[in-house]
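Structure file target_24.cif; described as mmCIF, C-alpha atoms.
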data_query
loop_
_atom_site.label_atom_id
_atom_site.label_comp_id
_atom_site.auth_asym_id
_atom_site.auth_seq_id
_atom_site.Cartn_x
_atom_site.Cartn_y
_atom_site.Cartn_z
CA VAL A 1 4.19 20.56 9.08
CA PRO A 2 1.65 21.39 11.76
CA PRO A 3 1.81 24.77 13.52
CA VAL A 4 3.43 23.59 16.76
CA ALA A 5 5.33 26.16 18.80
CA GLY A 6 9.01 25.19 19.01
CA LEU A 7 8.86 22.52 16.31
CA GLU A 8 11.24 24.46 14.09
CA GLU A 9 13.81 24.52 16.95
CA ILE A 10 14.02 20.77 17.45
CA GLU A 11 15.27 18.20 14.98
CA TRP A 12 12.00 16.41 14.29
CA LEU A 13 11.72 13.34 12.14
CA ASP A 14 9.77 12.68 8.98
CA ASN A 15 9.31 9.15 7.66
CA GLU A 16 12.62 9.24 5.78
CA ARG A 17 14.72 10.53 8.69
CA ALA A 18 13.01 8.04 11.02
CA LEU A 19 14.24 5.18 8.85
CA ALA A 20 17.79 6.56 9.05
CA LEU A 21 17.95 6.33 12.86
CA THR A 22 20.70 4.01 14.06
CA GLU A 23 19.25 3.51 17.54
CA VAL A 24 15.73 3.01 18.80
CA PRO A 25 14.64 5.97 20.92
CA GLU A 26 13.44 5.25 24.43
CA ALA A 27 10.27 7.27 23.80
CA MET A 28 8.71 8.76 20.68
CA LEU A 29 5.83 11.14 20.02
CA VAL A 30 4.07 10.62 16.70
CA ILE A 31 2.08 13.61 15.47
CA GLY A 32 -0.53 12.26 13.08
CA ALA A 33 -2.58 9.09 13.11
CA GLY A 34 -2.93 8.35 9.42
CA ALA A 35 -1.30 5.41 7.66
CA VAL A 36 2.30 6.63 8.06
CA GLY A 37 1.96 7.67 11.69
CA LEU A 38 0.27 4.42 12.67
CA GLU A 39 2.72 2.23 10.75
CA PHE A 40 5.79 3.98 12.12
CA GLY A 41 4.36 4.18 15.63
CA GLN A 42 3.69 0.45 15.71
CA MET A 43 7.09 -0.32 14.16
CA PHE A 44 9.01 1.73 16.73
CA SER A 45 6.91 0.29 19.54
CA ARG A 46 7.72 -3.23 18.39
CA PHE A 47 11.40 -2.24 18.30
CA GLY A 48 11.09 -1.28 21.97
CA ALA A 49 10.24 2.44 22.05
CA GLN A 50 7.48 3.81 24.26
CA VAL A 51 5.23 5.41 21.63
CA THR A 52 2.53 8.04 21.98
CA ILE A 53 0.46 8.68 18.85
CA VAL A 54 -1.68 11.82 18.73
CA SER A 55 -4.59 12.56 16.43
CA SER A 56 -6.22 15.97 16.32
CA GLY A 57 -9.45 14.32 15.20
CA PRO A 58 -11.85 12.23 17.25
CA ALA A 59 -10.41 8.97 15.88
CA ILE A 60 -7.30 7.55 14.26
CA ALA A 61 -7.14 6.52 10.60
CA GLY A 62 -9.44 9.34 9.55
CA ARG A 63 -10.22 7.83 6.14
CA ALA A 64 -11.18 4.47 7.61
CA ASP A 65 -14.56 3.20 8.69
CA ALA A 66 -15.26 4.33 12.28
CA GLU A 67 -15.63 0.79 13.60
CA ALA A 68 -12.40 -0.34 11.92
CA ALA A 69 -10.55 2.71 13.28
CA ALA A 70 -11.79 1.99 16.82
CA SER A 71 -10.71 -1.67 16.54
CA LEU A 72 -7.30 -0.59 15.28
CA ALA A 73 -6.89 1.87 18.16
CA ASP A 74 -7.80 -0.89 20.63
CA ALA A 75 -5.28 -3.27 19.03
CA LEU A 76 -2.50 -0.67 19.21
CA ARG A 77 -3.30 0.08 22.85
CA ALA A 78 -3.21 -3.66 23.59
CA GLU A 79 0.32 -3.69 22.14
CA GLY A 80 1.34 -0.94 24.57
CA LEU A 81 1.10 2.16 22.40
CA GLU A 82 -0.58 5.21 23.84
CA VAL A 83 -3.15 6.48 21.35
CA LEU A 84 -4.59 9.92 22.04
CA THR A 85 -7.43 11.38 19.99
CA SER A 86 -8.87 14.90 20.05
CA THR A 87 -5.35 16.00 20.93
CA ILE A 88 -3.43 19.09 19.88
CA VAL A 89 0.34 19.38 20.32
CA ARG A 90 0.69 22.93 21.65
CA SER A 91 4.48 23.14 21.92
CA VAL A 92 7.72 21.18 21.97
CA ALA A 93 11.04 22.16 23.48
CA ARG A 94 14.37 20.47 24.06
CA ARG A 95 15.28 20.24 27.75
CA ASP A 96 18.11 18.24 29.30
CA GLY A 97 18.65 16.23 26.13
CA ARG A 98 15.00 15.22 25.77
CA ILE A 99 11.94 16.78 24.16
CA VAL A 100 9.10 18.05 26.30
CA ALA A 101 5.77 18.21 24.49
CA GLU A 102 2.81 20.14 25.87
CA LEU A 103 -0.48 18.61 24.75
CA ASP A 104 -4.12 19.57 24.92
CA VAL A 105 -5.92 16.23 25.27
CA ASP A 106 -9.63 16.81 24.79
CA GLY A 107 -9.37 20.11 26.66
CA GLU A 108 -7.00 18.90 29.41
CA SER A 109 -3.30 19.87 29.60
CA ARG A 110 -0.75 17.08 29.57
CA THR A 111 3.04 16.88 29.29
CA VAL A 112 4.87 14.09 27.46
CA VAL A 113 8.66 13.69 27.56
CA VAL A 114 10.23 11.88 24.60
CA ASP A 115 13.50 11.45 22.75
CA GLU A 116 12.15 11.89 19.22
CA VAL A 117 9.17 13.53 17.53
CA LEU A 118 7.92 12.03 14.27
CA VAL A 119 5.76 14.39 12.23
CA ALA A 120 3.37 12.25 10.18
CA SER A 121 0.50 14.69 9.86
CA GLY A 122 0.10 14.41 6.13
CA ARG A 123 1.62 15.75 2.98
CA ARG A 124 0.65 18.34 0.47
CA PRO A 125 1.67 18.07 -3.19
CA ASN A 126 4.43 20.45 -4.23
CA LEU A 127 3.11 21.67 -7.59
CA GLU A 128 4.48 25.20 -7.79
CA GLU A 129 7.35 24.48 -10.19
CA PHE A 130 5.37 22.62 -12.86
CA GLY A 131 3.70 25.62 -14.51
CA LEU A 132 0.36 23.84 -14.47
CA GLU A 133 -1.62 27.08 -14.47
CA GLU A 134 0.10 28.14 -17.70
CA VAL A 135 -1.25 25.10 -19.57
CA GLY A 136 -4.65 25.13 -17.85
CA VAL A 137 -4.40 22.05 -15.61
CA GLU A 138 -6.94 22.36 -12.78
CA VAL A 139 -5.39 22.21 -9.31
CA SER A 140 -7.03 22.12 -5.88
CA PRO A 141 -5.36 22.51 -2.47
CA GLN A 142 -5.26 18.69 -2.31
CA GLY A 143 -3.50 18.28 -5.67
CA ILE A 144 -4.12 17.98 -9.39
CA VAL A 145 -7.77 17.31 -10.17
CA VAL A 146 -8.26 14.12 -12.21
CA ASP A 147 -11.17 11.98 -13.35
CA ALA A 148 -11.57 8.22 -12.83
CA MET A 149 -9.08 7.55 -15.64
CA GLN A 150 -6.47 9.93 -14.13
CA ARG A 151 -7.07 12.52 -16.89
CA THR A 152 -6.53 16.15 -15.97
CA SER A 153 -8.60 19.06 -17.25
CA VAL A 154 -6.24 19.28 -20.26
CA PRO A 155 -6.60 16.59 -22.95
CA GLY A 156 -3.45 14.49 -23.28
CA ILE A 157 -2.22 15.13 -19.73
CA TRP A 158 -2.67 12.49 -17.02
CA ALA A 159 -1.53 12.70 -13.39
CA VAL A 160 -0.93 9.97 -10.81
CA GLY A 161 0.63 9.45 -7.41
CA ASP A 162 1.52 12.06 -4.83
CA VAL A 163 0.53 15.03 -7.03
CA VAL A 164 -3.15 14.12 -7.28
CA ALA A 165 -5.93 14.52 -4.74
CA SER A 166 -5.87 10.92 -3.49
CA PRO A 167 -4.16 9.04 -0.64
CA GLN A 168 -0.39 9.41 -0.97
CA LEU A 169 0.44 5.74 -0.69
CA THR A 170 2.67 3.73 -3.01
CA PRO A 171 0.05 1.06 -3.88
CA VAL A 172 -2.49 3.78 -4.72
CA GLY A 173 -0.01 5.56 -6.99
CA ALA A 174 0.92 2.29 -8.70
CA TYR A 175 -2.72 1.52 -9.40
CA GLU A 176 -3.32 5.06 -10.68
CA GLY A 177 -0.36 4.63 -13.02
CA GLN A 178 -1.86 1.42 -14.43
CA VAL A 179 -5.20 3.15 -14.97
CA ALA A 180 -3.58 6.11 -16.72
CA VAL A 181 -1.39 4.02 -19.02
CA SER A 182 -4.33 1.80 -19.89
CA ASP A 183 -6.40 4.89 -20.74
CA MET A 184 -3.56 6.40 -22.78
CA PHE A 185 -3.43 3.38 -25.03
CA GLY A 186 -7.16 2.64 -25.07
CA ASN A 187 -6.90 -0.75 -23.39
CA GLY A 188 -9.56 -0.15 -20.74
CA VAL A 189 -9.02 -1.05 -17.13
#
Rewrite the structure from the file as structure tokens, please.
Amino acid sequence: VPPVAGLEEIEWLDNERALALTEVPEAMLVIGAGAVGLEFGQMFSRFGAQVTIVSSGPAIAGRADAEAAASLADALRAEGLEVLTSTIVRSVARRDGRIVAELDVDGESRTVVVDEVLVASGRRPNLEEFGLEEVGVEVSPQGIVVDAMQRTSVPGIWAVGDVVASPQLTPVGAYEGQVAVSDMFGNGV
């Protein structure tokens, strides 16, 4: 969760709570322009919401090729989404039943009024309860460190999916699982 003043006082959405909405909001602010933020922003826009997507970086889809990211931003804008890069959400507050967000857009102040805020700024693996340090599994701030075959630093332990330092996307985790199982049983990939 990004350090946005007032965020803890509003009922913000994550991807799961966004899918549980029973009505399309009139306007939505999406904090984060990675895969989840872009997918959900486009989905809610197509459902009829006025969507503003903010990226703290100079482009959206930070892991994508710069040209592809620029083309994607242009396509989203053509669909009616507002895509803001080099933007920091300074604060959010509930006023008169809506949410007022104060933004810093490339050094300029701007106010956006929305009905919902979707936080899609990334995830961090929750590894504290596994006792990995006790068995010697190497961990970085991004997740469990693995090699190309999904092997950890401890022989006989593999890791895949949201706990490893790779994109936290279902297809990626599924592929990692196939690689690990294949390695476990010596089948090759």
What residues come out when you apply the PyMOL selection byres ((chain A and resi 82) around 7) to this file, written as a tab-separated table (two decimals) with C-alpha atoms, in the frame of the given file?
chain	number	residue	atom	x	y	z
A	51	VAL	CA	5.23	5.41	21.63
A	52	THR	CA	2.53	8.04	21.98
A	53	ILE	CA	0.46	8.68	18.85
A	77	ARG	CA	-3.30	0.08	22.85
A	80	GLY	CA	1.34	-0.94	24.57
A	81	LEU	CA	1.10	2.16	22.40
A	83	VAL	CA	-3.15	6.48	21.35
A	84	LEU	CA	-4.59	9.92	22.04
Target residues per the PyMOL selection byres ((chain A and resi 18-26) around 9), formatted as JSON, numbers by chain: {"A": [13, 14, 15, 16, 17, 27, 28, 40, 44, 47, 48, 49, 50, 51, 114, 115, 116, 118]}
Considering all atoms listed in the file, give me a table of residues in stretch 1-45 of chain A that are at most 12 Å from stretch 64-73 of chain A, with the closest atom pair and distance in Å for each, as JSON lines.
{"residue": "A:Ala33", "atom": "CA", "partner": "A:Ala73", "partner_atom": "CA", "distance": 9.8}
{"residue": "A:Gly34", "atom": "CA", "partner": "A:Ala64", "partner_atom": "CA", "distance": 9.3}
{"residue": "A:Ala35", "atom": "CA", "partner": "A:Ala64", "partner_atom": "CA", "distance": 9.9}
{"residue": "A:Leu38", "atom": "CA", "partner": "A:Ala73", "partner_atom": "CA", "distance": 9.4}
{"residue": "A:Glu39", "atom": "CA", "partner": "A:Leu72", "partner_atom": "CA", "distance": 11.4}
{"residue": "A:Gly41", "atom": "CA", "partner": "A:Ala73", "partner_atom": "CA", "distance": 11.8}
{"residue": "A:Gln42", "atom": "CA", "partner": "A:Ala73", "partner_atom": "CA", "distance": 11.0}
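If you look at atom CA of A:Gly6 and atom CA of A:Gln142, they are 26.5 Å away from each other.
Computed from the coordinates, the atom CA of A:Thr87 to atom CA of A:Gly62 distance equals 13.8 Å.
When the PyMOL selection byres ((chain A and resi 96-98) around 7) is run on the displayed coordinates, the residues it returns are Arg94, Arg95, Ile99, Val100, Val113, Val114 and Asp115 of chain A.
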Could you add whatever atoms are missing so that stretch 68-85 of chain A carries N, CA, C and O atoms, then write the result as a PDB file, in the frame of the given file?
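Okay, this is what ended up in part_28.pdb:
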ATOM      1  N   ALA A  68     -13.743   0.187  12.183  1.00  0.00           N
ATOM      2  CA  ALA A  68     -12.400  -0.340  11.920  1.00  0.00           C
ATOM      3  C   ALA A  68     -11.343   0.498  12.629  1.00  0.00           C
ATOM      4  O   ALA A  68     -10.393  -0.037  13.205  1.00  0.00           O
ATOM      5  N   ALA A  69     -11.506   1.827  12.603  1.00  0.00           N
ATOM      6  CA  ALA A  69     -10.550   2.710  13.280  1.00  0.00           C
ATOM      7  C   ALA A  69     -10.543   2.460  14.778  1.00  0.00           C
ATOM      8  O   ALA A  69      -9.478   2.424  15.414  1.00  0.00           O
ATOM      9  N   ALA A  70     -11.712   2.256  15.381  1.00  0.00           N
ATOM     10  CA  ALA A  70     -11.790   1.990  16.820  1.00  0.00           C
ATOM     11  C   ALA A  70     -11.132   0.649  17.157  1.00  0.00           C
ATOM     12  O   ALA A  70     -10.410   0.541  18.153  1.00  0.00           O
ATOM     13  N   SER A  71     -11.342  -0.359  16.313  1.00  0.00           N
ATOM     14  CA  SER A  71     -10.710  -1.670  16.540  1.00  0.00           C
ATOM     15  C   SER A  71      -9.194  -1.563  16.422  1.00  0.00           C
ATOM     16  O   SER A  71      -8.459  -2.167  17.208  1.00  0.00           O
ATOM     17  N   LEU A  72      -8.730  -0.783  15.452  1.00  0.00           N
ATOM     18  CA  LEU A  72      -7.300  -0.590  15.280  1.00  0.00           C
ATOM     19  C   LEU A  72      -6.699   0.119  16.488  1.00  0.00           C
ATOM     20  O   LEU A  72      -5.642  -0.274  16.993  1.00  0.00           O
ATOM     21  N   ALA A  73      -7.376   1.148  16.974  1.00  0.00           N
ATOM     22  CA  ALA A  73      -6.890   1.870  18.160  1.00  0.00           C
ATOM     23  C   ALA A  73      -6.805   0.920  19.359  1.00  0.00           C
ATOM     24  O   ALA A  73      -5.817   0.938  20.116  1.00  0.00           O
ATOM     25  N   ASP A  74      -7.811   0.082  19.536  1.00  0.00           N
ATOM     26  CA  ASP A  74      -7.800  -0.890  20.630  1.00  0.00           C
ATOM     27  C   ASP A  74      -6.633  -1.868  20.489  1.00  0.00           C
ATOM     28  O   ASP A  74      -5.959  -2.200  21.474  1.00  0.00           O
ATOM     29  N   ALA A  75      -6.381  -2.329  19.267  1.00  0.00           N
ATOM     30  CA  ALA A  75      -5.280  -3.270  19.030  1.00  0.00           C
ATOM     31  C   ALA A  75      -3.933  -2.619  19.333  1.00  0.00           C
ATOM     32  O   ALA A  75      -3.054  -3.251  19.949  1.00  0.00           O
ATOM     33  N   LEU A  76      -3.753  -1.370  18.924  1.00  0.00           N
ATOM     34  CA  LEU A  76      -2.500  -0.670  19.210  1.00  0.00           C
ATOM     35  C   LEU A  76      -2.316  -0.458  20.705  1.00  0.00           C
ATOM     36  O   LEU A  76      -1.215  -0.639  21.240  1.00  0.00           O
ATOM     37  N   ARG A  77      -3.384  -0.081  21.383  1.00  0.00           N
ATOM     38  CA  ARG A  77      -3.300   0.080  22.850  1.00  0.00           C
ATOM     39  C   ARG A  77      -2.950  -1.247  23.518  1.00  0.00           C
ATOM     40  O   ARG A  77      -2.167  -1.276  24.467  1.00  0.00           O
ATOM     41  N   ALA A  78      -3.517  -2.341  23.027  1.00  0.00           N
ATOM     42  CA  ALA A  78      -3.210  -3.660  23.590  1.00  0.00           C
ATOM     43  C   ALA A  78      -1.746  -4.022  23.405  1.00  0.00           C
ATOM     44  O   ALA A  78      -1.185  -4.780  24.206  1.00  0.00           O
ATOM     45  N   GLU A  79      -1.113  -3.462  22.367  1.00  0.00           N
ATOM     46  CA  GLU A  79       0.320  -3.690  22.140  1.00  0.00           C
ATOM     47  C   GLU A  79       1.188  -2.769  22.980  1.00  0.00           C
ATOM     48  O   GLU A  79       2.407  -2.856  22.936  1.00  0.00           O
ATOM     49  N   GLY A  80       0.571  -1.823  23.695  1.00  0.00           N
ATOM     50  CA  GLY A  80       1.340  -0.940  24.570  1.00  0.00           C
ATOM     51  C   GLY A  80       1.533   0.470  24.063  1.00  0.00           C
ATOM     52  O   GLY A  80       2.175   1.278  24.737  1.00  0.00           O
ATOM     53  N   LEU A  81       1.002   0.785  22.900  1.00  0.00           N
ATOM     54  CA  LEU A  81       1.100   2.160  22.400  1.00  0.00           C
ATOM     55  C   LEU A  81       0.055   3.013  23.114  1.00  0.00           C
ATOM     56  O   LEU A  81      -1.028   2.536  23.444  1.00  0.00           O
ATOM     57  N   GLU A  82       0.396   4.271  23.336  1.00  0.00           N
ATOM     58  CA  GLU A  82      -0.580   5.210  23.840  1.00  0.00           C
ATOM     59  C   GLU A  82      -1.159   5.933  22.636  1.00  0.00           C
ATOM     60  O   GLU A  82      -0.426   6.524  21.846  1.00  0.00           O
ATOM     61  N   VAL A  83      -2.469   5.868  22.477  1.00  0.00           N
ATOM     62  CA  VAL A  83      -3.150   6.480  21.350  1.00  0.00           C
ATOM     63  C   VAL A  83      -4.091   7.548  21.894  1.00  0.00           C
ATOM     64  O   VAL A  83      -5.029   7.239  22.624  1.00  0.00           O
ATOM     65  N   LEU A  84      -3.801   8.800  21.547  1.00  0.00           N
ATOM     66  CA  LEU A  84      -4.590   9.920  22.040  1.00  0.00           C
ATOM     67  C   LEU A  84      -5.320  10.580  20.879  1.00  0.00           C
ATOM     68  O   LEU A  84      -4.696  10.956  19.894  1.00  0.00           O
ATOM     69  N   THR A  85      -6.639  10.701  21.004  1.00  0.00           N
ATOM     70  CA  THR A  85      -7.430  11.380  19.990  1.00  0.00           C
ATOM     71  C   THR A  85      -7.896  12.722  20.541  1.00  0.00           C
ATOM     72  O   THR A  85      -7.752  12.991  21.740  1.00  0.00           O
TER      73      THR A  85
END
